[in-house]
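Structure file structure-v2.csv; described as CSV, C-alpha atoms.
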```csv
chain,number,residue,atom,x,y,z
Z,1,MET,CA,-36.1,22.7,-15.2
Z,2,ILE,CA,-32.7,21.8,-13.9
Z,3,LYS,CA,-33.0,18.3,-15.5
Z,4,ARG,CA,-34.3,19.7,-18.8
Z,5,ASN,CA,-31.3,22.2,-18.9
Z,6,TRP,CA,-29.0,19.4,-18.0
Z,7,MET,CA,-30.3,17.1,-20.8
Z,8,ARG,CA,-29.9,20.0,-23.3
Z,9,SER,CA,-26.2,20.4,-22.3
Z,10,ILE,CA,-25.4,16.7,-22.6
Z,11,ALA,CA,-24.5,16.8,-26.3
Z,12,ALA,CA,-22.3,19.8,-25.9
Z,13,ILE,CA,-20.4,18.3,-23.0
Z,14,ALA,CA,-20.0,14.9,-24.6
Z,15,ALA,CA,-18.7,16.5,-27.7
Z,16,ALA,CA,-16.1,18.4,-25.7
Z,17,ALA,CA,-15.1,15.2,-23.9
Z,18,ALA,CA,-14.7,13.4,-27.2
Z,19,LEU,CA,-12.6,16.2,-28.5
Z,20,ALA,CA,-10.3,16.1,-25.4
Z,21,ALA,CA,-10.1,12.3,-25.6
Z,22,GLY,CA,-9.2,12.3,-29.3
Z,23,THR,CA,-6.4,14.9,-29.5
Z,24,PRO,CA,-3.3,13.4,-31.1
Z,25,SER,CA,-0.1,13.5,-29.0
Z,26,PRO,CA,3.6,13.0,-29.5
Z,27,ALA,CA,5.3,9.9,-28.2
Z,28,ALA,CA,6.9,10.0,-24.8
Z,29,SER,CA,10.6,9.4,-24.5
Z,30,ALA,CA,11.6,6.4,-22.4
Z,31,PRO,CA,13.7,7.0,-19.3
Z,32,GLU,CA,17.2,5.7,-19.3
Z,33,PRO,CA,17.4,2.0,-18.3
Z,34,ILE,CA,18.4,0.9,-14.9
Z,35,TYR,CA,19.7,-2.5,-13.6
Z,36,THR,CA,19.9,-4.2,-10.2
Z,37,HIS,CA,21.7,-7.2,-8.8
Z,38,ALA,CA,18.4,-8.7,-7.7
Z,39,LYS,CA,16.7,-11.8,-9.0
Z,40,ALA,CA,13.5,-9.7,-9.0
Z,41,ALA,CA,12.7,-6.0,-8.4
Z,42,ALA,CA,10.0,-3.5,-8.6
Z,43,LEU,CA,9.4,0.2,-7.9
Z,44,ILE,CA,6.0,1.8,-7.3
Z,45,ASP,CA,4.5,5.2,-6.8
Z,46,VAL,CA,2.6,4.9,-3.5
Z,47,GLU,CA,-0.2,7.4,-4.2
Z,48,SER,CA,-1.2,6.2,-7.7
Z,49,GLY,CA,-0.1,2.6,-7.4
Z,50,ARG,CA,1.7,2.9,-10.7
Z,51,ILE,CA,4.6,0.3,-11.1
Z,52,LEU,CA,7.5,2.4,-12.4
Z,53,TYR,CA,10.0,-0.4,-12.8
Z,54,SER,CA,9.7,-4.1,-12.9
Z,55,GLN,CA,12.4,-6.8,-13.3
Z,56,HIS,CA,10.9,-10.4,-13.2
Z,57,GLY,CA,8.2,-8.6,-11.2
Z,58,ASP,CA,5.5,-11.3,-11.5
Z,59,GLU,CA,7.8,-14.3,-10.7
Z,60,PRO,CA,6.7,-16.0,-7.5
Z,61,MET,CA,9.7,-16.2,-5.1
Z,62,ARG,CA,10.6,-16.8,-1.4
Z,63,ILE,CA,10.3,-13.5,0.4
Z,64,ALA,CA,11.6,-14.2,4.0
Z,65,SER,CA,10.5,-11.5,6.5
Z,66,LEU,CA,9.0,-9.3,3.9
Z,67,THR,CA,6.0,-11.5,4.8
Z,68,LYS,CA,5.7,-9.3,7.9
Z,69,ILE,CA,4.4,-6.4,5.8
Z,70,MET,CA,1.3,-8.5,5.3
Z,71,THR,CA,1.3,-9.6,8.9
Z,72,ALA,CA,1.4,-6.1,10.1
Z,73,ILE,CA,-1.4,-4.6,7.9
Z,74,VAL,CA,-3.7,-7.6,8.6
Z,75,ALA,CA,-3.2,-7.2,12.4
Z,76,ILE,CA,-3.8,-3.5,12.2
Z,77,GLU,CA,-7.0,-3.9,10.2
Z,78,HIS,CA,-8.4,-6.9,12.1
Z,79,GLY,CA,-7.0,-6.3,15.6
Z,80,LYS,CA,-7.3,-3.7,18.3
Z,81,LEU,CA,-4.0,-1.9,19.0
Z,82,ASP,CA,-4.6,-1.5,22.7
Z,83,SER,CA,-5.6,-5.1,23.2
Z,84,VAL,CA,-3.2,-7.3,25.2
Z,85,ALA,CA,-1.8,-10.5,23.9
Z,86,THR,CA,-0.5,-13.4,26.0
Z,87,VAL,CA,2.6,-15.0,24.6
Z,88,SER,CA,2.2,-18.8,24.1
Z,89,ARG,CA,4.9,-21.5,24.3
Z,90,ARG,CA,4.7,-21.8,20.5
Z,91,ALA,CA,5.4,-18.1,20.0
Z,92,ALA,CA,8.2,-17.8,22.6
Z,93,GLY,CA,10.0,-20.8,21.1
Z,94,LYS,CA,9.8,-19.7,17.5
Z,95,GLU,CA,13.2,-20.0,15.8
Z,96,GLY,CA,15.0,-17.2,14.0
Z,97,SER,CA,15.1,-13.5,14.7
Z,98,SER,CA,13.4,-12.7,18.0
Z,99,ILE,CA,12.5,-10.0,20.5
Z,100,TYR,CA,12.9,-12.6,23.2
Z,101,LEU,CA,9.4,-12.8,24.5
Z,102,LYS,CA,8.8,-15.2,27.4
Z,103,VAL,CA,6.0,-17.7,27.9
Z,104,GLY,CA,3.0,-16.0,29.5
Z,105,GLU,CA,4.3,-12.5,28.9
Z,106,LYS,CA,1.7,-9.9,28.1
Z,107,MET,CA,2.2,-7.1,25.6
Z,108,THR,CA,-0.2,-4.8,23.7
Z,109,LEU,CA,-0.7,-5.5,20.0
Z,110,HIS,CA,0.7,-2.1,19.2
Z,111,HIS,CA,4.0,-2.8,20.9
Z,112,LEU,CA,4.2,-6.3,19.3
Z,113,LEU,CA,3.9,-4.6,15.9
Z,114,TYR,CA,7.0,-2.5,16.7
Z,115,GLY,CA,8.9,-5.6,17.7
Z,116,LEU,CA,7.7,-7.3,14.5
Z,117,MET,CA,8.7,-4.5,12.1
Z,118,LEU,CA,11.8,-3.0,13.7
Z,119,ARG,CA,13.5,-6.2,14.9
Z,120,SER,CA,11.7,-8.7,12.7
Z,121,GLY,CA,10.7,-10.8,15.7
Z,122,ASN,CA,9.4,-14.2,14.6
Z,123,ASP,CA,8.1,-14.7,18.2
Z,124,ALA,CA,6.2,-11.4,17.8
Z,125,ALA,CA,4.8,-12.5,14.5
Z,126,THR,CA,3.5,-15.8,16.0
Z,127,ALA,CA,2.1,-14.0,19.1
Z,128,ILE,CA,0.3,-11.5,16.9
Z,129,ALA,CA,-1.1,-14.2,14.7
Z,130,GLU,CA,-2.5,-16.2,17.6
Z,131,HIS,CA,-3.9,-13.1,19.3
Z,132,VAL,CA,-5.6,-11.6,16.2
Z,133,GLY,CA,-6.5,-14.7,14.3
Z,134,GLY,CA,-7.3,-17.1,17.2
Z,135,SER,CA,-4.5,-19.3,15.9
Z,136,GLU,CA,-1.6,-19.1,13.5
Z,137,GLU,CA,-3.6,-21.0,10.9
Z,138,GLY,CA,-6.6,-18.6,11.4
Z,139,PHE,CA,-4.4,-15.6,10.9
Z,140,VAL,CA,-2.9,-17.1,7.7
Z,141,TYR,CA,-6.4,-17.4,6.4
Z,142,LEU,CA,-6.8,-13.7,6.9
Z,143,MET,CA,-3.5,-13.0,5.2
Z,144,ASN,CA,-4.5,-14.9,2.1
Z,145,GLU,CA,-8.0,-13.4,2.1
Z,146,THR,CA,-6.3,-9.9,2.1
Z,147,ALA,CA,-4.0,-10.9,-0.7
Z,148,GLU,CA,-7.0,-12.0,-2.8
Z,149,ARG,CA,-8.9,-8.8,-2.0
Z,150,LEU,CA,-5.9,-6.7,-3.2
Z,151,GLY,CA,-5.5,-8.7,-6.4
Z,152,LEU,CA,-2.1,-10.2,-5.5
Z,153,ALA,CA,-2.2,-13.0,-8.0
Z,154,ASN,CA,1.3,-14.3,-7.4
Z,155,SER,CA,1.2,-14.5,-3.6
Z,156,ARG,CA,0.4,-17.3,-1.2
Z,157,PHE,CA,1.1,-17.2,2.6
Z,158,ARG,CA,1.6,-20.2,4.8
Z,159,ASN,CA,2.9,-18.4,8.0
Z,160,PRO,CA,3.1,-14.9,9.5
Z,161,HIS,CA,6.9,-14.7,9.9
Z,162,GLY,CA,8.4,-15.7,6.5
Z,163,LEU,CA,10.5,-18.7,7.6
Z,164,ASP,CA,11.1,-20.9,4.5
Z,165,GLU,CA,8.1,-23.1,3.8
Z,166,GLU,CA,6.9,-24.7,0.6
Z,167,GLY,CA,4.0,-22.9,-0.9
Z,168,HIS,CA,4.9,-19.6,0.8
Z,169,TYR,CA,5.8,-17.0,-1.8
Z,170,SER,CA,5.1,-13.6,-3.3
Z,171,SER,CA,6.5,-11.5,-6.2
Z,172,ALA,CA,8.2,-8.2,-6.4
Z,173,ASN,CA,5.2,-6.5,-8.1
Z,174,ASP,CA,2.8,-8.0,-5.6
Z,175,LEU,CA,5.0,-6.8,-2.7
Z,176,ALA,CA,5.2,-3.3,-4.2
Z,177,ARG,CA,1.4,-3.2,-4.5
Z,178,LEU,CA,0.9,-4.5,-0.9
Z,179,THR,CA,3.4,-2.0,0.4
Z,180,ALA,CA,1.7,0.9,-1.4
Z,181,TYR,CA,-1.6,-0.2,0.2
Z,182,ALA,CA,-0.1,-0.6,3.6
Z,183,LEU,CA,1.7,2.7,3.6
Z,184,LYS,CA,-1.6,4.5,3.2
Z,185,ASN,CA,-2.5,3.3,6.7
Z,186,PRO,CA,-1.1,5.9,9.2
Z,187,VAL,CA,-0.4,3.3,11.9
Z,188,PHE,CA,1.6,1.1,9.6
Z,189,SER,CA,3.4,4.1,8.1
Z,190,GLU,CA,4.3,5.4,11.6
Z,191,ILE,CA,5.7,2.1,12.7
Z,192,VAL,CA,7.9,1.3,9.7
Z,193,GLY,CA,9.4,4.8,9.7
Z,194,THR,CA,10.4,4.6,13.4
Z,195,LYS,CA,14.2,4.3,14.0
Z,196,ARG,CA,14.0,3.4,17.7
Z,197,LYS,CA,11.2,2.3,20.0
Z,198,THR,CA,11.0,1.5,23.7
Z,199,ALA,CA,8.3,-0.8,25.3
Z,200,PRO,CA,7.6,-1.9,28.8
Z,201,ASN,CA,9.5,-5.0,30.0
Z,202,PRO,CA,7.7,-6.8,32.8
Z,203,TYR,CA,10.6,-9.0,33.8
Z,204,ASP,CA,13.5,-6.5,34.1
Z,205,PRO,CA,13.9,-3.0,35.6
Z,206,TRP,CA,14.7,-1.6,32.1
Z,207,ASP,CA,12.5,-1.2,29.0
Z,208,TYR,CA,12.8,-3.1,25.8
Z,209,VAL,CA,14.7,-1.0,23.3
Z,210,TRP,CA,14.3,-1.8,19.6
Z,211,THR,CA,16.5,-0.3,16.9
Z,212,ASN,CA,15.2,-0.6,13.3
Z,213,LYS,CA,17.2,-3.0,11.2
Z,214,ASN,CA,16.4,-1.0,8.1
Z,215,LYS,CA,19.6,0.9,7.4
Z,216,MET,CA,17.9,2.8,4.6
Z,217,LEU,CA,16.3,5.0,7.2
Z,218,ALA,CA,19.8,6.5,8.0
Z,219,MET,CA,21.4,6.0,4.5
Z,220,TYR,CA,18.9,7.7,2.2
Z,221,GLU,CA,17.4,11.2,2.3
Z,222,GLY,CA,13.7,11.0,2.9
Z,223,ALA,CA,13.7,7.3,3.7
Z,224,ASP,CA,10.6,6.3,5.8
Z,225,GLY,CA,10.3,2.5,5.7
Z,226,VAL,CA,9.8,-0.4,5.3
Z,227,LYS,CA,11.2,-4.0,6.0
Z,228,THR,CA,14.3,-6.1,5.7
Z,229,GLY,CA,14.4,-9.9,5.2
Z,230,TYR,CA,16.7,-12.9,5.0
Z,231,THR,CA,16.7,-16.6,5.1
Z,232,LYS,CA,19.2,-19.1,3.7
Z,233,LYS,CA,16.9,-19.9,0.8
Z,234,ALA,CA,15.4,-16.5,0.1
Z,235,LEU,CA,18.7,-14.7,0.7
Z,236,ARG,CA,18.7,-10.9,1.1
Z,237,CYS,CA,15.3,-9.2,0.5
Z,238,LEU,CA,14.3,-5.6,1.1
Z,239,VAL,CA,11.4,-3.2,0.7
Z,240,SER,CA,12.3,0.5,1.2
Z,241,SER,CA,10.3,3.7,0.9
Z,242,ALA,CA,11.1,7.3,0.7
Z,243,THR,CA,9.3,10.6,0.3
Z,244,ARG,CA,10.6,13.7,-1.6
Z,245,ASN,CA,8.7,16.7,-2.8
Z,246,GLY,CA,5.4,15.3,-1.6
Z,247,GLN,CA,6.0,12.0,-3.6
Z,248,ARG,CA,6.4,8.6,-1.9
Z,249,LEU,CA,8.0,5.7,-3.7
Z,250,ALA,CA,8.6,2.1,-2.5
Z,251,ALA,CA,11.3,-0.2,-3.9
Z,252,VAL,CA,11.4,-4.0,-3.7
Z,253,THR,CA,14.3,-6.3,-4.3
Z,254,LEU,CA,14.4,-10.1,-3.9
Z,255,ASN,CA,17.6,-12.2,-3.6
Z,256,ASP,CA,19.9,-9.2,-4.0
Z,257,GLY,CA,23.4,-9.2,-2.6
Z,258,ASN,CA,23.8,-5.5,-3.0
Z,259,ASP,CA,20.4,-4.3,-2.0
Z,260,TRP,CA,21.3,-1.1,-0.1
Z,261,GLU,CA,23.0,0.3,-3.2
Z,262,ASP,CA,20.3,-1.0,-5.6
Z,263,HIS,CA,17.6,0.7,-3.5
Z,264,ARG,CA,19.4,4.0,-3.7
Z,265,LYS,CA,19.6,3.7,-7.4
Z,266,LEU,CA,16.0,2.6,-7.8
Z,267,LEU,CA,14.6,5.5,-5.7
Z,268,ASP,CA,16.8,8.1,-7.3
Z,269,TRP,CA,15.8,6.9,-10.7
Z,270,GLY,CA,12.1,7.0,-9.8
Z,271,PHE,CA,12.2,10.5,-8.4
Z,272,ALA,CA,14.3,11.8,-11.3
Z,273,HIS,CA,12.2,10.3,-14.1
Z,274,TYR,CA,8.6,9.9,-12.8
Z,275,PRO,CA,7.8,13.0,-10.7
Z,276,LEU,CA,4.3,13.1,-9.3
Z,277,GLN,CA,2.3,15.7,-11.3
Z,278,THR,CA,-1.1,17.3,-10.8
Z,279,VAL,CA,-3.4,16.2,-13.6
Z,280,VAL,CA,-6.5,18.1,-12.4
Z,281,LYS,CA,-7.1,20.2,-9.3
Z,282,GLN,CA,-10.3,20.1,-7.4
Z,283,GLY,CA,-12.8,22.8,-8.4
Z,284,GLU,CA,-10.6,24.1,-11.3
Z,285,ARG,CA,-12.2,24.5,-14.7
Z,286,ILE,CA,-10.9,22.2,-17.5
Z,287,ALA,CA,-10.9,23.5,-21.0
Z,288,GLY,CA,-13.8,22.1,-23.0
Z,289,PHE,CA,-15.8,21.0,-20.0
Z,290,ALA,CA,-18.9,22.6,-18.4
Z,291,VAL,CA,-18.2,20.8,-15.1
Z,292,VAL,CA,-15.3,20.8,-12.6
Z,293,PRO,CA,-13.5,17.9,-10.9
Z,294,GLY,CA,-14.6,17.0,-7.4
Z,295,ARG,CA,-11.1,16.1,-6.2
Z,296,THR,CA,-7.5,16.6,-7.1
Z,297,PHE,CA,-5.9,13.8,-9.2
Z,298,ARG,CA,-2.1,13.3,-9.3
Z,299,TYR,CA,-0.1,10.8,-11.3
Z,300,PRO,CA,3.7,10.1,-11.9
Z,301,LEU,CA,4.6,11.0,-15.4
Z,302,ALA,CA,7.8,10.5,-17.4
Z,303,GLU,CA,9.0,13.2,-19.9
Z,304,GLY,CA,6.6,13.5,-22.7
Z,305,GLU,CA,3.8,11.4,-21.1
Z,306,ARG,CA,1.7,14.4,-20.1
Z,307,GLU,CA,1.0,15.0,-23.8
Z,308,LEU,CA,-0.3,11.4,-24.0
Z,309,LEU,CA,-3.0,12.0,-21.4
Z,310,ARG,CA,-6.6,12.0,-22.6
Z,311,SER,CA,-9.9,12.2,-20.8
Z,312,LYS,CA,-13.4,10.7,-21.1
Z,313,LEU,CA,-16.5,12.1,-19.5
Z,314,THR,CA,-19.3,9.8,-18.5
Z,315,LEU,CA,-22.5,11.7,-17.5
Z,316,ALA,CA,-24.6,10.7,-14.5
Z,317,ASP,CA,-28.3,9.7,-15.0
Z,318,PRO,CA,-30.3,12.9,-14.3
Z,319,ASN,CA,-32.9,10.7,-12.6
Z,320,GLY,CA,-30.4,8.9,-10.4
Z,321,VAL,CA,-29.3,9.3,-6.8
Z,322,ARG,CA,-25.8,10.5,-7.7
Z,323,PHE,CA,-27.3,13.4,-9.8
Z,324,ALA,CA,-29.7,14.3,-6.9
Z,325,LEU,CA,-26.7,14.5,-4.6
Z,326,GLY,CA,-24.9,17.0,-6.9
Z,327,GLU,CA,-22.7,14.7,-8.9
Z,328,ARG,CA,-22.8,15.3,-12.7
Z,329,GLY,CA,-20.7,12.4,-13.9
Z,330,THR,CA,-17.2,10.9,-13.8
Z,331,LEU,CA,-14.1,12.1,-15.6
Z,332,GLU,CA,-11.8,9.2,-16.5
Z,333,TRP,CA,-8.1,9.7,-17.4
Z,334,TYR,CA,-6.1,7.6,-19.8
Z,335,LEU,CA,-2.4,7.4,-20.5
Z,336,GLY,CA,-2.5,6.2,-24.1
Z,337,ASP,CA,-5.1,3.4,-23.9
Z,338,VAL,CA,-4.5,2.6,-20.3
Z,339,ARG,CA,-7.0,3.9,-17.7
Z,340,ILE,CA,-5.1,5.5,-14.9
Z,341,GLY,CA,-7.8,7.0,-12.7
Z,342,SER,CA,-11.1,8.9,-12.4
Z,343,VAL,CA,-12.7,11.8,-10.5
Z,344,PRO,CA,-16.3,12.8,-9.9
Z,345,VAL,CA,-17.4,16.0,-11.5
Z,346,TYR,CA,-19.8,18.7,-10.3
Z,347,ASP,CA,-21.3,22.0,-11.5
Z,348,PRO,CA,-18.8,24.8,-10.8
Z,349,GLY,CA,-21.0,26.3,-8.0
Z,350,SER,CA,-21.9,23.0,-6.4
Z,351,VAL,CA,-22.4,23.0,-2.6
Z,352,ARG,CA,-20.5,19.7,-2.5
Z,353,LEU,CA,-17.4,21.6,-3.7
Z,354,ARG,CA,-17.7,24.4,-1.2
Z,355,SER,CA,-18.3,21.9,1.7
Z,356,GLY,CA,-15.3,19.7,0.7
Z,357,ARG,CA,-17.5,16.6,0.8
Z,358,THR,CA,-17.2,15.6,-2.8
Z,359,HIS,CA,-15.8,12.2,-2.0
Z,360,GLN,CA,-15.9,12.0,1.8
Z,361,ALA,CA,-19.3,10.3,1.7
Z,362,THR,CA,-17.8,7.3,0.0
Z,363,ALA,CA,-14.9,7.2,2.3
Z,364,ALA,CA,-17.1,7.5,5.4
Z,365,ALA,CA,-19.3,4.6,4.1
Z,366,GLY,CA,-16.3,2.5,3.6
Z,367,ALA,CA,-15.0,3.2,7.0
Z,368,GLY,CA,-18.3,2.4,8.5
Z,369,GLU,CA,-18.5,-0.9,6.7
Z,370,ALA,CA,-14.9,-2.0,7.3
Z,371,PRO,CA,-15.3,-3.1,10.9
Z,372,ALA,CA,-18.3,-5.3,10.1
Z,373,TRP,CA,-16.5,-6.9,7.1
Z,374,SER,CA,-13.3,-7.3,9.2
Z,375,ASP,CA,-15.1,-8.9,12.1
Z,376,ALA,CA,-17.1,-11.2,9.9
Z,377,VAL,CA,-13.9,-12.5,8.1
Z,378,LYS,CA,-12.1,-12.8,11.4
Z,379,ALA,CA,-15.0,-14.8,13.0
Z,380,VAL,CA,-14.9,-17.3,10.1
Z,381,ALA,CA,-11.2,-17.8,10.5
Z,382,VAL,CA,-11.4,-18.3,14.2
Z,383,GLN,CA,-14.1,-20.9,13.8
Z,384,LEU,CA,-12.4,-22.7,10.9
Z,385,PHE,CA,-9.1,-23.1,12.7
Z,386,ARG,CA,-10.0,-23.2,16.4
Z,387,HIS,CA,-7.8,-25.8,18.2
```

Just give me the structure as structure tokens.
Amino acid sequence: MIKRNWMRSIAAIAAAAALAAGTPSPAASAPEPIYTHAKAAALIDVESGRILYSQHGDEPMRIASLTKIMTAIVAIEHGKLDSVATVSRRAAGKEGSSIYLKVGEKMTLHHLLYGLMLRSGNDAATAIAEHVGGSEEGFVYLMNETAERLGLANSRFRNPHGLDEEGHYSSANDLARLTAYALKNPVFSEIVGTKRKTAPNPYDPWDYVWTNKNKMLAMYEGADGVKTGYTKKALRCLVSSATRNGQRLAAVTLNDGNDWEDHRKLLDWGFAHYPLQTVVKQGERIAGFAVVPGRTFRYPLAEGERELLRSKLTLADPNGVRFALGERGTLEWYLGDVRIGSVPVYDPGSVRLRSGRTHQATAAAGAGEAPAWSDAVKAVAVQLFRH
């Protein structure tokens, strides 16, 4: 009976969806233009992944220690934070910025990550790579595998620290997407937002004390990350993030001699012109639909863009598993002709809505599969590059 009633309502729901999708809307007004001193720049809304600003954003460039954003997230996803790494001669002797690790010194991966991101330790980057990947080369394999998985088409990594090397590059847009992905990891987010960290020092009576090199943490209201970078060829590079009114933005500049000021401008511009707005709220009825969204969907919208939003309902197969579990279809949202997101939909009185488990099953399945996937890729890398 439920299936028969559902089939009878398909035409009405589909008609309502088509009506919602086809409503004409006025054009949005473009935000005022903004310029930076950078050779390339990007600004992204972290929650949605929408690139809000891009200046030569897809151009591959040297990225210096912004590389360590990838190093950190790969280590967090593939390593164990409480595992203990032993510093090799290769790691201790790595040139450039350093946390002054000694040969044979032992430190947890978690503490190494703080040394990596707060002080930009190249020795920490090498020690992390050897510990998590089995070798530096094995870890670089994991970095490039992650770049491919995230769709970073203009990125290629040759080392975990970012020292200048031919064939080692990324782009402003790729770094923005990588940063948005990494900031959703609570461990990464906690580390890059830390202003000062102490860690045990086995060779002296005092602890290591690391102060974050990222001046944006003190210069900008709401700043909470991410990473500085510099080499003689890449010049000044910076990724910063900030949160205001529940919205988090991340800015990227490459080869920028005035990066602190440019990041202030980029972040201010983003918060002013692209506030994060609720498109639909979980469980609330939508005009013209007989079903309700299974989760809240938010998206940054410029003035006039909300009127350009349209929706499309795709119904679930009444004989399928998704239907049996309570899902009635998927509501997709478009900004003009661009698909910007989707939410599952349910009957208004669905048990799934009351239990709050409308999308946790998918998340739980992914969490359960991640270690197996991570271990498999790591095992391949270790075998390929074992010395």

Pull the neighbourhood of (18.5, -9.5, 6.8) for me: all residues within 9 Å in file coordinates, counting all atoms listed in the file, as number ranges by chain. Z: 64-65, 213-214, 228-231, 235-238

Exercise. Do you know which residues lie at most 7 Å from (12.1, -8.3, -4.1), with coordinates as in the file and all atoms listed in the file counted, and could you write them as a ChimeraX atom specification?
Worked result: /Z:40-42,171-172,237-238,252-255

Counting only C-alpha atoms, closest pick from Z:Leu309, Z:Ile128, Z:Ala147, Z:Met216 relative to Z:Val338 is Z:Leu309

Centre and edge lengths, as lines of an AutoDock Vina configuration file, for the axis-aligned box enclosing every listed atom of stretch 326-329 of chain Z with 5 Å of padding on each of the six sides, in Å to one decimal?
```
center_x = -22.8
center_y = 14.7
center_z = -10.4
size_x = 14.2
size_y = 14.6
size_z = 17.0
```

Polymer residues at most 8 Å from Z:Tyr274, all atoms listed in the file, same-chain spacing of 6 or more positions, as a CSV table (one decimal) with C-alpha atoms, in the coordinates of the input:
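The resulting file, result-v3.csv, is shown below:
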```
chain,number,residue,atom,x,y,z
Z,52,LEU,CA,7.5,2.4,-12.4
Z,300,PRO,CA,3.7,10.1,-11.9
Z,301,LEU,CA,4.6,11.0,-15.4
Z,302,ALA,CA,7.8,10.5,-17.4
Z,303,GLU,CA,9.0,13.2,-19.9
```

Residue with the minimum atom-to-atom distance to Z:Gly167, picked from Z:Leu331, Z:Glu95, Z:Arg62, Z:Thr36 with only C-alpha atoms counted, is Z:Arg62

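Counting all atoms listed in the file, the residue from Z:Glu307, Z:Asp224, Z:Asp347, Z:Glu148 that sits nearest to Z:Leu178 is Z:Glu148.
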
Neighbour list for stretch 72-82 of chain Z as an MDAnalysis selection string, cut-off 10 Å, all atoms listed in the file, skip fewer than 5 positions in-chain = chainID Z and resid 67 107:114 116:117 125 128:129 131:133 139:140 142:147 160 178:179 181:183 185 187:189 191:192 370:371 373:378

What separates atom CA of Z:Tyr299 and atom CA of Z:Asp337 is a distance of 15.4 Å

What separates atom CA of Z:Ser120 and atom CA of Z:Ile99 is a distance of 7.9 Å

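With all atoms listed in the file as the atoms that count, the residue of Z:Glu32, Z:Leu152, Z:Val84, Z:Lys184 with the shortest distance to Z:Ala272 is Z:Glu32.
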
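Across the model, the gap from atom CA of Z:Trp333 to atom CA of Z:Gln277 is 13.5 Å.
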
Residue with the minimum atom-to-atom distance to Z:Ser88, picked from Z:Ala234, Z:Ala124, Z:Met70, Z:Leu118 with only C-alpha atoms counted, is Z:Ala124

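Of the residues under consideration (Z:Arg352, Z:Lys197, Z:Arg339, Z:Arg177), Z:Arg177 shows the shortest atom-to-atom contact distance to Z:Gly49 when counting all atoms listed in the file.
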
How about completing stretch 105-109 of chain Z with all heavy atoms and giving it to me as a PDB file, in the frame of the given file?
```
ATOM      1  N   GLU Z 105       4.147 -13.956  28.902  1.00  0.00           N
ATOM      2  CA  GLU Z 105       4.300 -12.500  28.900  1.00  0.00           C
ATOM      3  C   GLU Z 105       3.164 -11.824  28.197  1.00  0.00           C
ATOM      4  O   GLU Z 105       2.613 -12.331  27.226  1.00  0.00           O
ATOM      5  CB  GLU Z 105       5.634 -12.166  28.169  1.00  0.00           C
ATOM      6  CG  GLU Z 105       5.977 -10.681  28.171  1.00  0.00           C
ATOM      7  CD  GLU Z 105       7.360 -10.396  27.614  1.00  0.00           C
ATOM      8  OE1 GLU Z 105       8.129 -11.364  27.394  1.00  0.00           O
ATOM      9  OE2 GLU Z 105       7.665  -9.217  27.401  1.00  0.00           O
ATOM     10  N   LYS Z 106       2.785 -10.669  28.698  1.00  0.00           N
ATOM     11  CA  LYS Z 106       1.700  -9.900  28.100  1.00  0.00           C
ATOM     12  C   LYS Z 106       2.195  -8.625  27.519  1.00  0.00           C
ATOM     13  O   LYS Z 106       3.007  -7.917  28.116  1.00  0.00           O
ATOM     14  CB  LYS Z 106       0.625  -9.601  29.210  1.00  0.00           C
ATOM     15  CG  LYS Z 106      -0.032 -10.844  29.812  1.00  0.00           C
ATOM     16  CD  LYS Z 106      -1.093 -10.484  30.830  1.00  0.00           C
ATOM     17  CE  LYS Z 106      -1.683 -11.726  31.485  1.00  0.00           C
ATOM     18  NZ  LYS Z 106      -2.306 -12.633  30.509  1.00  0.00           N
ATOM     19  N   MET Z 107       1.719  -8.343  26.318  1.00  0.00           N
ATOM     20  CA  MET Z 107       2.200  -7.100  25.600  1.00  0.00           C
ATOM     21  C   MET Z 107       1.028  -6.675  24.700  1.00  0.00           C
ATOM     22  O   MET Z 107       0.303  -7.506  24.134  1.00  0.00           O
ATOM     23  CB  MET Z 107       3.418  -7.429  24.787  1.00  0.00           C
ATOM     24  CG  MET Z 107       3.999  -6.204  24.083  1.00  0.00           C
ATOM     25  SD  MET Z 107       5.556  -6.543  23.197  1.00  0.00           S
ATOM     26  CE  MET Z 107       6.681  -6.752  24.581  1.00  0.00           C
ATOM     27  N   THR Z 108       0.880  -5.352  24.562  1.00  0.00           N
ATOM     28  CA  THR Z 108      -0.200  -4.800  23.700  1.00  0.00           C
ATOM     29  C   THR Z 108       0.161  -5.179  22.217  1.00  0.00           C
ATOM     30  O   THR Z 108       1.335  -5.320  21.843  1.00  0.00           O
ATOM     31  CB  THR Z 108      -0.323  -3.317  23.791  1.00  0.00           C
ATOM     32  OG1 THR Z 108       0.868  -2.681  23.318  1.00  0.00           O
ATOM     33  CG2 THR Z 108      -0.623  -2.900  25.224  1.00  0.00           C
ATOM     34  N   LEU Z 109      -0.870  -5.279  21.429  1.00  0.00           N
ATOM     35  CA  LEU Z 109      -0.700  -5.500  20.000  1.00  0.00           C
ATOM     36  C   LEU Z 109       0.165  -4.433  19.379  1.00  0.00           C
ATOM     37  O   LEU Z 109       1.022  -4.711  18.530  1.00  0.00           O
ATOM     38  CB  LEU Z 109      -2.047  -5.621  19.313  1.00  0.00           C
ATOM     39  CG  LEU Z 109      -2.028  -5.776  17.789  1.00  0.00           C
ATOM     40  CD1 LEU Z 109      -1.286  -7.035  17.370  1.00  0.00           C
ATOM     41  CD2 LEU Z 109      -3.456  -5.788  17.232  1.00  0.00           C
TER      42      LEU Z 109
END
```
